[in-house]
Amino acid sequence: MIGPPGSGKTMLAKRMPTILPDLNPGESIETTRIYSTVGRLKPGQPLLATRPFRAPHHTISNAGLVGGGSVPGPGEISLAHNGVLFLDELPEFNRQTLEVLRQPLEDGTVTISRALSSTTFPANFMLIAALNPCPCGYRGDPRRNCHCTPPQIERYMSKISGPLIDRIDIHIEVPSVPFRDLSGGKPGTSSAEMREQVMSARRIQSTRFAGSRTRHNADMTHRQTRQFCRLDDEGRNLLKASMTELGLSARAHDKILRTARTIADQEASDAIEPMHLNEAVNYRMLDRDLWT
Amino acid sequence: MLAKLQTFSLLGIDAVPVEVEVDVSPAGLPKNVLVGLPEAAVKESTHRVERAMVNSGFVRPQSRVVINLAPADLPKDAASFDLPIALGILAGSGQIESDRLGQYAVVGELALDGTMRPTKGALSMAMTAAKQDGLRGMLVPSPSAGEAAVVEGIDVMAVSSLTQAVSFLTGEIDIEPCPSRLDDLFRELAVYDFDFSDVRGQEMAKRALCVAAAGGP
């Protein structure tokens with residue numbers, strides 16, 4: 001999520017666990033075990049029945065994030081197992097610290113090897129990251145002026161590595177909220193409504209992947225992507241145009257197809273319409289020259 | 001006399017079975033020997049155990065006490081060995097007699113007055129205990145009993161002090177095993193304090209989060 005300060009990025013991320021499917025008892029015990037071994041269970045709460053939300057500060061060390069110590073202990077990514085890991089102010093994080101996230105993001109586990117022993121911790125989490133569009137935070141904001149010079153912006157954005165950005169499926173802009181939305185009496189879409197949409201899309205996925213090891217659109221293999229994400233002619237032209245125009249990587253190409261598949265699932269549509277594809281392409285903001 | 005007890009040590013997030021052997025033999029001068037790769041927290045345990053025993057009304061043996069934590073090559077770093085060591089010394093010095101010692105695994109940290117402190121990793125320990133043959137149950141400090149009780153296939157006994165643990169093992173009192181309240185806990189605790197309706201505007205972002213939740217892990 002990219003947006004100026006105070007636009008609600010943290011607020012949005014914090015509410016992410018409320019629209020994810022409920023933990024099943026097995027997942028809940030897995031997560032509780034991790035909290036139990038580090039003694040983080042609160043009194044009167046012997047079981048974690050909600051998905052965890054972890055937001056480590058950006059001064060965190062490698063060992064704090066992925067786990068470590070001479071007798072390896074779990075880190076923040078394991079504490080976020082089956083939940084959400086939120087990295088606020090992404091460019092402020094130590095670059096090396098972010099690079100260690102790559103393997104757990106792909107595998108869902110992290111293995112820490114020390115001279116004495118090697119330990120594997122579960123770390124299957126959803127990563128949400130937030131950053132400002134520039135050091136002062138107001139680039140592109142219609143109401144405030146940005147005072148950053150192009151080299152400053154370049155330095156700021158270059159702190160996050162391309163390979164990490166490439167692994168993030170959806171990039172969005174979170175603009176500042178206009179007054180009329182804040183004061184209006186109408187409350188926003190509630191978690192219950194959003195969850196209903198999520199659940200219906202998940203149901204379609206579980207029938208699609210019945211019998212295979214894949215469970216979600218996001219972990220489709222390349223072959224499955226080709227099988228399930230067929231495009232019509234119009235869609236193919238659209239994707240071709242966006243790929244050449246935005247200079248997308250092969251990984252981004254597959255990610256767009258998977259995202260488009262999910263959007264189509266949400267509307268219970270069998271085929272991926274150009275409209276769905278368009279939305280998915282729009283979720284690759286950071287691939288554009290404008291932002292990097 | 002030799003006493004043997006079953007306990008657990010944490011390795012990552014898994015618990016591995018550890019046997020505590022305590023041998024009390026007559027000697028000229030009282031002496032405590034602790035072997036089996038104890039780290040600092042375990043080394044200090046003998047001091048805690050000594051005072052907790054005296055303050056609970058037991059006698060500290062004036063003999064040579066050898067405590068062995070097996071397997072010997074696994075480093076042990078937790079205060080949860082206090083209770084098994086204390087019970088081992090009491091059994092080894094003939095202050096308690098019990099045929100329940102072999103049937104129940106024991107974990108727990110002791111305070112100097114003999115009360116129990118919560119233990120880390122009680123859930124993993126219960127999971128390992130449930131897989132072991134010959135174990136009927138497990139004594140767990142009452143603050144940690146709730147998480148351990150979630151595991152099926154093992155009786156989790158909540159004890160709040162050394163004296164209570166001793167009375168249970170010698171058969172003076174019976175403790176009801178903690179009931180597994182998995183379903184209740186789920187109903188009680190599976191609520192979030194906040195909701196997306198708190199966020200005004202940002203419907204585009206919400207839509208994207210929805211897509212992420214639908215297709216994600």
# chains A, B, ... in the order shown; residues from 1 in each chain; ligands from 1
$ residues_around --residues "Ala201 in chain A" --least-positions-apart "2" --cutoff "7 Å" --atoms "only C-alpha atoms" --output "list in words"
Gln197, Val198, Met199, Arg203, Ile204, Gln205, Thr262, Asp265 and Gln266 of chain A; Ala214 of chain B
$ write_last_selection --atoms "N, CA and C atoms" --output "PDB file, in the first residue's frame"
ATOM      1  N   GLN A 197     -17.819 -12.115   0.389  1.00  0.00           N
ATOM      2  CA  GLN A 197     -17.197 -12.169  -0.947  1.00  0.00           C
ATOM      3  C   GLN A 197     -15.982 -13.081  -0.948  1.00  0.00           C
ATOM      4  N   VAL A 198     -15.174 -12.947   0.101  1.00  0.00           N
ATOM      5  CA  VAL A 198     -13.964 -13.762   0.188  1.00  0.00           C
ATOM      6  C   VAL A 198     -14.335 -15.235   0.232  1.00  0.00           C
ATOM      7  N   MET A 199     -15.321 -15.559   1.056  1.00  0.00           N
ATOM      8  CA  MET A 199     -15.680 -16.958   1.239  1.00  0.00           C
ATOM      9  C   MET A 199     -16.241 -17.547  -0.049  1.00  0.00           C
ATOM     10  N   ARG A 203     -14.710 -20.723  -1.958  1.00  0.00           N
ATOM     11  CA  ARG A 203     -15.451 -21.970  -2.231  1.00  0.00           C
ATOM     12  C   ARG A 203     -15.223 -22.421  -3.669  1.00  0.00           C
ATOM     13  N   ILE A 204     -15.257 -21.441  -4.595  1.00  0.00           N
ATOM     14  CA  ILE A 204     -15.019 -21.788  -6.000  1.00  0.00           C
ATOM     15  C   ILE A 204     -13.616 -22.390  -6.153  1.00  0.00           C
ATOM     16  N   GLN A 205     -12.654 -21.805  -5.445  1.00  0.00           N
ATOM     17  CA  GLN A 205     -11.278 -22.312  -5.542  1.00  0.00           C
ATOM     18  C   GLN A 205     -11.160 -23.726  -5.008  1.00  0.00           C
ATOM     19  N   THR A 262      -8.781 -14.630  -9.507  1.00  0.00           N
ATOM     20  CA  THR A 262      -9.450 -14.415  -8.231  1.00  0.00           C
ATOM     21  C   THR A 262     -10.569 -13.388  -8.365  1.00  0.00           C
ATOM     22  N   ASP A 265     -13.379 -15.011  -9.924  1.00  0.00           N
ATOM     23  CA  ASP A 265     -14.031 -15.912  -8.963  1.00  0.00           C
ATOM     24  C   ASP A 265     -14.982 -15.146  -8.060  1.00  0.00           C
ATOM     25  N   GLN A 266     -14.548 -13.960  -7.663  1.00  0.00           N
ATOM     26  CA  GLN A 266     -15.392 -13.175  -6.762  1.00  0.00           C
ATOM     27  C   GLN A 266     -16.706 -12.831  -7.409  1.00  0.00           C
TER      28      GLN A 266
ATOM     29  N   ALA B 214      -9.067 -13.296  -0.794  1.00  0.00           N
ATOM     30  CA  ALA B 214      -9.740 -14.388  -1.499  1.00  0.00           C
ATOM     31  C   ALA B 214      -8.747 -15.323  -2.164  1.00  0.00           C
TER      32      ALA B 214
END
$ residues_around --residues "Arg60 in chain B" --least-positions-apart "2" --cutoff "10 Å" --atoms "only C-alpha atoms" --output "PyMOL selection string"
chain B and resi 30+49-54+57-58+62-63+86+89-90+93+95
$ write_last_selection --atoms "N, CA, C and O atoms" --output "mmCIF file, in the first residue's frame"
data_model
loop_
_atom_site.group_PDB
_atom_site.id
_atom_site.type_symbol
_atom_site.label_atom_id
_atom_site.label_comp_id
_atom_site.auth_asym_id
_atom_site.auth_seq_id
_atom_site.Cartn_x
_atom_site.Cartn_y
_atom_site.Cartn_z
ATOM 1 N N PRO B 30 27.002 -32.921 52.687
ATOM 2 C CA PRO B 30 25.921 -32.787 51.699
ATOM 3 C C PRO B 30 26.464 -32.203 50.398
ATOM 4 O O PRO B 30 27.300 -31.302 50.424
ATOM 5 N N VAL B 49 14.814 -25.139 44.152
ATOM 6 C CA VAL B 49 14.208 -26.375 44.614
ATOM 7 C C VAL B 49 14.441 -26.568 46.116
ATOM 8 O O VAL B 49 13.525 -26.905 46.875
ATOM 9 N N GLU B 50 15.678 -26.295 46.543
ATOM 10 C CA GLU B 50 16.043 -26.477 47.944
ATOM 11 C C GLU B 50 15.137 -25.662 48.867
ATOM 12 O O GLU B 50 14.544 -26.174 49.809
ATOM 13 N N ARG B 51 15.008 -24.357 48.541
ATOM 14 C CA ARG B 51 14.219 -23.500 49.423
ATOM 15 C C ARG B 51 12.734 -23.825 49.301
ATOM 16 O O ARG B 51 11.994 -23.785 50.285
ATOM 17 N N ALA B 52 12.283 -24.122 48.083
ATOM 18 C CA ALA B 52 10.864 -24.441 47.916
ATOM 19 C C ALA B 52 10.500 -25.671 48.739
ATOM 20 O O ALA B 52 9.432 -25.743 49.355
ATOM 21 N N MET B 53 11.418 -26.650 48.781
ATOM 22 C CA MET B 53 11.166 -27.870 49.564
ATOM 23 C C MET B 53 11.065 -27.543 51.044
ATOM 24 O O MET B 53 10.124 -27.944 51.725
ATOM 25 N N VAL B 54 12.040 -26.783 51.541
ATOM 26 C CA VAL B 54 12.056 -26.445 52.968
ATOM 27 C C VAL B 54 10.820 -25.619 53.327
ATOM 28 O O VAL B 54 10.130 -25.887 54.320
ATOM 29 N N GLY B 57 7.668 -27.458 53.873
ATOM 30 C CA GLY B 57 7.601 -28.363 55.020
ATOM 31 C C GLY B 57 8.295 -29.698 54.809
ATOM 32 O O GLY B 57 8.090 -30.629 55.578
ATOM 33 N N PHE B 58 9.143 -29.804 53.778
ATOM 34 C CA PHE B 58 9.893 -31.040 53.590
ATOM 35 C C PHE B 58 11.325 -30.848 54.107
ATOM 36 O O PHE B 58 11.735 -29.725 54.425
ATOM 37 N N GLN B 62 20.529 -34.340 53.661
ATOM 38 C CA GLN B 62 21.920 -33.991 53.981
ATOM 39 C C GLN B 62 22.834 -35.076 53.407
ATOM 40 O O GLN B 62 23.687 -35.606 54.097
ATOM 41 N N SER B 63 22.626 -35.413 52.142
ATOM 42 C CA SER B 63 23.433 -36.483 51.570
ATOM 43 C C SER B 63 23.945 -36.034 50.210
ATOM 44 O O SER B 63 23.800 -34.886 49.826
ATOM 45 N N ALA B 86 12.567 -31.463 42.133
ATOM 46 C CA ALA B 86 12.122 -31.452 43.524
ATOM 47 C C ALA B 86 11.449 -32.769 43.901
ATOM 48 O O ALA B 86 11.754 -33.379 44.935
ATOM 49 N N ILE B 89 14.012 -35.541 44.191
ATOM 50 C CA ILE B 89 14.780 -35.517 45.442
ATOM 51 C C ILE B 89 13.929 -36.064 46.588
ATOM 52 O O ILE B 89 14.401 -36.856 47.418
ATOM 53 N N LEU B 90 12.661 -35.661 46.619
ATOM 54 C CA LEU B 90 11.777 -36.139 47.691
ATOM 55 C C LEU B 90 11.600 -37.648 47.614
ATOM 56 O O LEU B 90 11.621 -38.352 48.630
ATOM 57 N N SER B 93 14.952 -39.434 48.499
ATOM 58 C CA SER B 93 15.319 -39.422 49.909
ATOM 59 C C SER B 93 14.269 -40.115 50.766
ATOM 60 O O SER B 93 14.309 -40.034 51.995
ATOM 61 N N GLN B 95 11.123 -39.449 51.216
ATOM 62 C CA GLN B 95 10.086 -38.656 51.881
ATOM 63 C C GLN B 95 8.707 -38.900 51.275
ATOM 64 O O GLN B 95 7.694 -38.652 51.904
#
$ residues_around --residues "range 5-20 of chain A" --least-positions-apart "5" --cutoff "8 Å" --atoms "only C-alpha atoms" --output "mmCIF file with all heavy atoms, in the first residue's frame"
data_model
loop_
_atom_site.group_PDB
_atom_site.id
_atom_site.type_symbol
_atom_site.label_atom_id
_atom_site.label_comp_id
_atom_site.auth_asym_id
_atom_site.auth_seq_id
_atom_site.Cartn_x
_atom_site.Cartn_y
_atom_site.Cartn_z
ATOM 1 N N THR A 50 -8.141 -16.320 16.928
ATOM 2 C CA THR A 50 -8.186 -15.350 15.844
ATOM 3 C C THR A 50 -6.830 -15.348 15.145
ATOM 4 O O THR A 50 -5.833 -15.728 15.729
ATOM 5 C CB THR A 50 -8.449 -13.936 16.388
ATOM 6 O OG1 THR A 50 -7.514 -13.668 17.419
ATOM 7 C CG2 THR A 50 -9.847 -13.811 16.932
ATOM 8 N N ARG A 51 -6.848 -14.908 13.890
ATOM 9 C CA ARG A 51 -5.577 -14.875 13.165
ATOM 10 C C ARG A 51 -4.691 -13.788 13.742
ATOM 11 O O ARG A 51 -5.149 -12.689 14.018
ATOM 12 C CB ARG A 51 -5.837 -14.604 11.683
ATOM 13 C CG ARG A 51 -6.528 -15.786 11.031
ATOM 14 C CD ARG A 51 -6.678 -15.607 9.536
ATOM 15 N NE ARG A 51 -7.392 -16.758 9.003
ATOM 16 C CZ ARG A 51 -6.788 -17.821 8.505
ATOM 17 N NH1 ARG A 51 -5.479 -17.875 8.464
ATOM 18 N NH2 ARG A 51 -7.499 -18.829 8.051
ATOM 19 N N PRO A 52 -3.406 -14.103 13.931
ATOM 20 C CA PRO A 52 -2.527 -13.096 14.531
ATOM 21 C C PRO A 52 -2.239 -11.957 13.555
ATOM 22 O O PRO A 52 -2.266 -12.138 12.344
ATOM 23 C CB PRO A 52 -1.255 -13.877 14.845
ATOM 24 C CG PRO A 52 -1.274 -15.014 13.912
ATOM 25 C CD PRO A 52 -2.715 -15.365 13.662
ATOM 26 N N PHE A 53 -1.974 -10.791 14.115
ATOM 27 C CA PHE A 53 -1.550 -9.639 13.328
ATOM 28 C C PHE A 53 -0.285 -9.117 13.971
ATOM 29 O O PHE A 53 -0.290 -8.741 15.127
ATOM 30 C CB PHE A 53 -2.646 -8.566 13.334
ATOM 31 C CG PHE A 53 -2.242 -7.292 12.653
ATOM 32 C CD1 PHE A 53 -2.325 -7.180 11.283
ATOM 33 C CD2 PHE A 53 -1.773 -6.211 13.383
ATOM 34 C CE1 PHE A 53 -1.935 -6.012 10.645
ATOM 35 C CE2 PHE A 53 -1.383 -5.038 12.753
ATOM 36 C CZ PHE A 53 -1.477 -4.935 11.378
ATOM 37 N N GLY A 83 -1.437 -15.856 9.879
ATOM 38 C CA GLY A 83 -2.040 -14.540 10.045
ATOM 39 C C GLY A 83 -1.387 -13.534 9.124
ATOM 40 O O GLY A 83 -0.989 -13.872 8.007
ATOM 41 N N VAL A 84 -1.284 -12.317 9.613
ATOM 42 C CA VAL A 84 -0.827 -11.210 8.787
ATOM 43 C C VAL A 84 0.434 -10.606 9.383
ATOM 44 O O VAL A 84 0.506 -10.359 10.584
ATOM 45 C CB VAL A 84 -1.929 -10.132 8.697
ATOM 46 C CG1 VAL A 84 -1.418 -8.903 7.972
ATOM 47 C CG2 VAL A 84 -3.151 -10.676 7.995
ATOM 48 N N PHE A 86 2.595 -7.269 9.050
ATOM 49 C CA PHE A 86 2.468 -5.932 8.489
ATOM 50 C C PHE A 86 3.770 -5.175 8.679
ATOM 51 O O PHE A 86 4.245 -5.023 9.805
ATOM 52 C CB PHE A 86 1.316 -5.199 9.178
ATOM 53 C CG PHE A 86 1.138 -3.777 8.705
ATOM 54 C CD1 PHE A 86 1.015 -3.494 7.358
ATOM 55 C CD2 PHE A 86 1.070 -2.739 9.618
ATOM 56 C CE1 PHE A 86 0.853 -2.195 6.918
ATOM 57 C CE2 PHE A 86 0.902 -1.430 9.187
ATOM 58 C CZ PHE A 86 0.791 -1.155 7.834
ATOM 59 N N ASP A 88 5.190 -1.684 8.300
ATOM 60 C CA ASP A 88 4.881 -0.276 8.068
ATOM 61 C C ASP A 88 6.187 0.426 7.742
ATOM 62 O O ASP A 88 7.227 0.057 8.250
ATOM 63 C CB ASP A 88 4.250 0.304 9.338
ATOM 64 C CG ASP A 88 3.369 1.481 9.014
ATOM 65 O OD1 ASP A 88 3.350 1.895 7.836
ATOM 66 O OD2 ASP A 88 2.705 1.996 9.927
ATOM 67 N N ILE A 128 1.742 -7.769 4.341
ATOM 68 C CA ILE A 128 1.214 -6.475 3.909
ATOM 69 C C ILE A 128 2.277 -5.439 4.235
ATOM 70 O O ILE A 128 2.814 -5.430 5.333
ATOM 71 C CB ILE A 128 -0.095 -6.113 4.636
ATOM 72 C CG1 ILE A 128 -1.136 -7.199 4.433
ATOM 73 C CG2 ILE A 128 -0.628 -4.784 4.148
ATOM 74 C CD1 ILE A 128 -2.480 -6.881 5.035
ATOM 75 N N ALA A 130 3.464 -1.208 3.887
ATOM 76 C CA ALA A 130 2.984 0.138 3.617
ATOM 77 C C ALA A 130 4.180 1.049 3.449
ATOM 78 O O ALA A 130 5.192 0.882 4.126
ATOM 79 C CB ALA A 130 2.106 0.635 4.752
ATOM 80 N N ASN A 132 5.299 5.342 2.066
ATOM 81 C CA ASN A 132 4.927 6.639 1.523
ATOM 82 C C ASN A 132 5.488 6.726 0.120
ATOM 83 O O ASN A 132 6.470 6.071 -0.194
ATOM 84 C CB ASN A 132 5.505 7.762 2.384
ATOM 85 C CG ASN A 132 4.966 7.726 3.802
ATOM 86 O OD1 ASN A 132 5.712 7.810 4.752
ATOM 87 N ND2 ASN A 132 3.675 7.552 3.946
ATOM 88 N N GLY A 137 6.340 12.335 1.903
ATOM 89 C CA GLY A 137 5.079 11.617 2.002
ATOM 90 C C GLY A 137 3.947 12.145 1.156
ATOM 91 O O GLY A 137 2.888 11.543 1.092
ATOM 92 N N TYR A 138 4.148 13.303 0.500
ATOM 93 C CA TYR A 138 2.995 13.902 -0.176
ATOM 94 C C TYR A 138 3.097 13.926 -1.691
ATOM 95 O O TYR A 138 2.405 14.688 -2.345
ATOM 96 C CB TYR A 138 2.754 15.308 0.362
ATOM 97 C CG TYR A 138 2.353 15.272 1.814
ATOM 98 C CD1 TYR A 138 3.264 15.590 2.813
ATOM 99 C CD2 TYR A 138 1.071 14.876 2.179
ATOM 100 C CE1 TYR A 138 2.902 15.512 4.145
ATOM 101 C CE2 TYR A 138 0.710 14.808 3.502
ATOM 102 C CZ TYR A 138 1.626 15.125 4.490
ATOM 103 O OH TYR A 138 1.264 15.043 5.798
ATOM 104 N N VAL A 174 -3.165 4.138 -1.735
ATOM 105 C CA VAL A 174 -4.170 4.515 -0.743
ATOM 106 C C VAL A 174 -4.107 6.031 -0.605
ATOM 107 O O VAL A 174 -3.277 6.556 0.127
ATOM 108 C CB VAL A 174 -3.890 3.840 0.613
ATOM 109 C CG1 VAL A 174 -4.955 4.201 1.625
ATOM 110 C CG2 VAL A 174 -3.808 2.343 0.444
ATOM 111 N N PRO A 175 -4.944 6.771 -1.370
ATOM 112 C CA PRO A 175 -4.866 8.234 -1.340
ATOM 113 C C PRO A 175 -5.444 8.789 -0.040
ATOM 114 O O PRO A 175 -6.118 8.069 0.695
ATOM 115 C CB PRO A 175 -5.711 8.653 -2.537
ATOM 116 C CG PRO A 175 -6.670 7.534 -2.734
ATOM 117 C CD PRO A 175 -6.034 6.291 -2.222
ATOM 118 N N SER A 176 -5.174 10.065 0.229
ATOM 119 C CA SER A 176 -5.746 10.662 1.436
ATOM 120 C C SER A 176 -7.270 10.751 1.293
ATOM 121 O O SER A 176 -7.810 10.819 0.193
ATOM 122 C CB SER A 176 -5.136 12.022 1.689
ATOM 123 O OG SER A 176 -5.125 12.758 0.487
ATOM 124 N N VAL A 177 -7.948 10.740 2.424
ATOM 125 C CA VAL A 177 -9.414 10.664 2.407
ATOM 126 C C VAL A 177 -9.996 12.072 2.323
ATOM 127 O O VAL A 177 -9.638 12.941 3.115
ATOM 128 C CB VAL A 177 -9.928 10.011 3.696
ATOM 129 C CG1 VAL A 177 -11.363 9.582 3.543
ATOM 130 C CG2 VAL A 177 -9.045 8.843 4.081
ATOM 131 N N SER A 191 -16.812 -5.673 7.564
ATOM 132 C CA SER A 191 -16.039 -6.908 7.436
ATOM 133 C C SER A 191 -16.925 -8.074 7.022
ATOM 134 O O SER A 191 -16.526 -8.921 6.232
ATOM 135 C CB SER A 191 -15.359 -7.238 8.758
ATOM 136 O OG SER A 191 -14.388 -6.287 9.052
ATOM 137 N N ALA A 192 -18.147 -8.107 7.552
ATOM 138 C CA ALA A 192 -19.031 -9.234 7.252
ATOM 139 C C ALA A 192 -19.323 -9.321 5.755
ATOM 140 O O ALA A 192 -19.257 -10.399 5.161
ATOM 141 C CB ALA A 192 -20.323 -9.101 8.042
ATOM 142 N N MET A 194 -17.497 -8.070 3.305
ATOM 143 C CA MET A 194 -16.284 -8.404 2.568
ATOM 144 C C MET A 194 -15.951 -9.881 2.727
ATOM 145 O O MET A 194 -15.518 -10.540 1.796
ATOM 146 C CB MET A 194 -15.123 -7.549 3.073
ATOM 147 C CG MET A 194 -15.295 -6.090 2.705
ATOM 148 S SD MET A 194 -14.134 -5.035 3.554
ATOM 149 C CE MET A 194 -12.624 -5.402 2.703
ATOM 150 N N ARG A 195 -16.196 -10.377 3.927
ATOM 151 C CA ARG A 195 -15.892 -11.780 4.190
ATOM 152 C C ARG A 195 -16.755 -12.710 3.364
ATOM 153 O O ARG A 195 -16.321 -13.762 2.915
ATOM 154 C CB ARG A 195 -16.143 -12.064 5.647
ATOM 155 C CG ARG A 195 -15.110 -12.966 6.197
ATOM 156 C CD ARG A 195 -15.191 -12.815 7.623
ATOM 157 N NE ARG A 195 -15.745 -14.055 8.125
ATOM 158 C CZ ARG A 195 -15.179 -14.641 9.141
ATOM 159 N NH1 ARG A 195 -14.118 -14.101 9.680
ATOM 160 N NH2 ARG A 195 -15.694 -15.733 9.604
ATOM 161 N N VAL A 198 -15.174 -12.947 0.101
ATOM 162 C CA VAL A 198 -13.964 -13.762 0.188
ATOM 163 C C VAL A 198 -14.335 -15.235 0.232
ATOM 164 O O VAL A 198 -13.771 -16.063 -0.490
ATOM 165 C CB VAL A 198 -13.145 -13.369 1.438
ATOM 166 C CG1 VAL A 198 -12.016 -14.352 1.659
ATOM 167 C CG2 VAL A 198 -12.608 -11.965 1.304
ATOM 168 N N TYR B 192 -13.189 -10.438 16.721
ATOM 169 C CA TYR B 192 -12.244 -9.339 16.506
ATOM 170 C C TYR B 192 -12.856 -8.067 17.089
ATOM 171 O O TYR B 192 -14.062 -7.879 17.062
ATOM 172 C CB TYR B 192 -11.986 -9.157 15.021
ATOM 173 C CG TYR B 192 -11.256 -10.322 14.393
ATOM 174 C CD1 TYR B 192 -11.945 -11.343 13.742
ATOM 175 C CD2 TYR B 192 -9.875 -10.403 14.467
ATOM 176 C CE1 TYR B 192 -11.269 -12.411 13.175
ATOM 177 C CE2 TYR B 192 -9.195 -11.460 13.910
ATOM 178 C CZ TYR B 192 -9.896 -12.463 13.256
ATOM 179 O OH TYR B 192 -9.222 -13.512 12.699
ATOM 180 N N PHE B 194 -12.266 -5.057 16.016
ATOM 181 C CA PHE B 194 -12.480 -3.979 15.071
ATOM 182 C C PHE B 194 -13.090 -4.510 13.785
ATOM 183 O O PHE B 194 -13.151 -5.725 13.573
ATOM 184 C CB PHE B 194 -11.188 -3.207 14.782
ATOM 185 C CG PHE B 194 -9.948 -4.039 14.931
ATOM 186 C CD1 PHE B 194 -9.687 -5.049 14.033
ATOM 187 C CD2 PHE B 194 -9.061 -3.829 15.978
ATOM 188 C CE1 PHE B 194 -8.558 -5.822 14.162
ATOM 189 C CE2 PHE B 194 -7.920 -4.602 16.108
ATOM 190 C CZ PHE B 194 -7.677 -5.601 15.195
ATOM 191 N N ASP B 195 -13.522 -3.585 12.966
ATOM 192 C CA ASP B 195 -14.271 -3.967 11.780
ATOM 193 C C ASP B 195 -13.904 -3.025 10.640
ATOM 194 O O ASP B 195 -13.499 -1.890 10.876
ATOM 195 C CB ASP B 195 -15.765 -3.846 12.089
ATOM 196 C CG ASP B 195 -16.606 -4.567 11.069
ATOM 197 O OD1 ASP B 195 -16.803 -4.022 9.965
ATOM 198 O OD2 ASP B 195 -17.067 -5.678 11.378
ATOM 199 N N PHE B 196 -14.042 -3.515 9.415
ATOM 200 C CA PHE B 196 -13.713 -2.674 8.276
ATOM 201 C C PHE B 196 -14.659 -1.491 8.141
ATOM 202 O O PHE B 196 -14.339 -0.513 7.478
ATOM 203 C CB PHE B 196 -13.725 -3.492 6.978
ATOM 204 C CG PHE B 196 -12.363 -3.940 6.561
ATOM 205 C CD1 PHE B 196 -12.003 -5.274 6.598
ATOM 206 C CD2 PHE B 196 -11.427 -3.017 6.139
ATOM 207 C CE1 PHE B 196 -10.738 -5.674 6.219
ATOM 208 C CE2 PHE B 196 -10.161 -3.415 5.761
ATOM 209 C CZ PHE B 196 -9.814 -4.742 5.802
ATOM 210 N N VAL B 199 -13.426 2.050 8.757
ATOM 211 C CA VAL B 199 -12.628 2.790 7.780
ATOM 212 C C VAL B 199 -13.563 3.509 6.823
ATOM 213 O O VAL B 199 -14.347 2.878 6.122
ATOM 214 C CB VAL B 199 -11.700 1.834 6.989
ATOM 215 C CG1 VAL B 199 -10.809 2.618 6.052
ATOM 216 C CG2 VAL B 199 -10.875 0.992 7.933
ATOM 217 N N LYS B 206 -10.071 -1.325 -0.059
ATOM 218 C CA LYS B 206 -10.785 -2.446 0.555
ATOM 219 C C LYS B 206 -11.039 -3.550 -0.463
ATOM 220 O O LYS B 206 -10.927 -4.723 -0.163
ATOM 221 C CB LYS B 206 -12.127 -1.957 1.102
ATOM 222 C CG LYS B 206 -12.025 -1.197 2.392
ATOM 223 C CD LYS B 206 -13.414 -0.972 2.902
ATOM 224 C CE LYS B 206 -13.443 -0.093 4.104
ATOM 225 N NZ LYS B 206 -14.831 0.140 4.537
ATOM 226 N N LEU B 209 -7.898 -5.457 -0.912
ATOM 227 C CA LEU B 209 -7.642 -6.338 0.226
ATOM 228 C C LEU B 209 -8.530 -7.575 0.148
ATOM 229 O O LEU B 209 -8.139 -8.673 0.500
ATOM 230 C CB LEU B 209 -7.892 -5.597 1.538
ATOM 231 C CG LEU B 209 -6.869 -4.525 1.912
ATOM 232 C CD1 LEU B 209 -7.286 -3.818 3.179
ATOM 233 C CD2 LEU B 209 -5.491 -5.126 2.090
ATOM 234 N N CYS B 210 -9.742 -7.331 -0.336
ATOM 235 C CA CYS B 210 -10.690 -8.432 -0.487
ATOM 236 C C CYS B 210 -10.161 -9.463 -1.489
ATOM 237 O O CYS B 210 -10.228 -10.667 -1.256
ATOM 238 C CB CYS B 210 -11.985 -7.842 -1.013
ATOM 239 S SG CYS B 210 -13.424 -8.495 -0.273
ATOM 240 N N ALA B 213 -7.354 -11.352 0.100
ATOM 241 C CA ALA B 213 -7.815 -12.354 1.069
ATOM 242 C C ALA B 213 -8.417 -13.554 0.357
ATOM 243 O O ALA B 213 -8.286 -14.692 0.806
ATOM 244 C CB ALA B 213 -8.841 -11.727 2.004
ATOM 245 N N ALA B 214 -9.067 -13.296 -0.794
ATOM 246 C CA ALA B 214 -9.740 -14.388 -1.499
ATOM 247 C C ALA B 214 -8.747 -15.323 -2.164
ATOM 248 O O ALA B 214 -8.932 -16.531 -2.196
ATOM 249 C CB ALA B 214 -10.698 -13.814 -2.529
#
$ atom_distance --atom1 "CA of Pro177 in chain B" --atom2 "CA of Arg136 in chain B"
10.7 Å
$ residues_around --residues "Pro104 in chain A" --least-positions-apart "5" --cutoff "8 Å" --atoms "only C-alpha atoms" --output "number ranges by chain"
A: 109-110, 123-124
$ write_last_selection --atoms "C-alpha atoms" --output "mmCIF file, in the first residue's frame"
data_model
loop_
_atom_site.group_PDB
_atom_site.id
_atom_site.type_symbol
_atom_site.label_atom_id
_atom_site.label_comp_id
_atom_site.auth_asym_id
_atom_site.auth_seq_id
_atom_site.Cartn_x
_atom_site.Cartn_y
_atom_site.Cartn_z
ATOM 1 C CA THR A 109 8.575 -22.198 6.616
ATOM 2 C CA VAL A 110 11.937 -20.947 7.780
ATOM 3 C CA ALA A 123 5.963 -19.194 8.825
ATOM 4 C CA ASN A 124 2.968 -19.148 6.562
#
$ residues_around --residues "Asp99 in chain B" --least-positions-apart "5" --cutoff "9 Å" --atoms "only C-alpha atoms" --output "VMD selection string"
chain B and resid 169 to 171
$ write_last_selection --atoms "N, CA, C and O atoms" --output "short mmCIF file (atom, residue, chain, number, x, y, z; two decimals), in the first residue's frame"
data_model
loop_
_atom_site.label_atom_id
_atom_site.label_comp_id
_atom_site.auth_asym_id
_atom_site.auth_seq_id
_atom_site.Cartn_x
_atom_site.Cartn_y
_atom_site.Cartn_z
N LEU B 169 0.53 -37.22 43.89
CA LEU B 169 1.34 -38.37 43.50
C LEU B 169 1.31 -39.47 44.55
O LEU B 169 1.37 -40.66 44.23
N THR B 170 1.22 -39.09 45.82
CA THR B 170 1.17 -40.12 46.86
C THR B 170 -0.23 -40.70 47.02
O THR B 170 -0.44 -41.62 47.81
N GLY B 171 -1.19 -40.12 46.28
CA GLY B 171 -2.54 -40.68 46.33
C GLY B 171 -3.40 -40.11 47.44
O GLY B 171 -4.50 -40.60 47.69
#
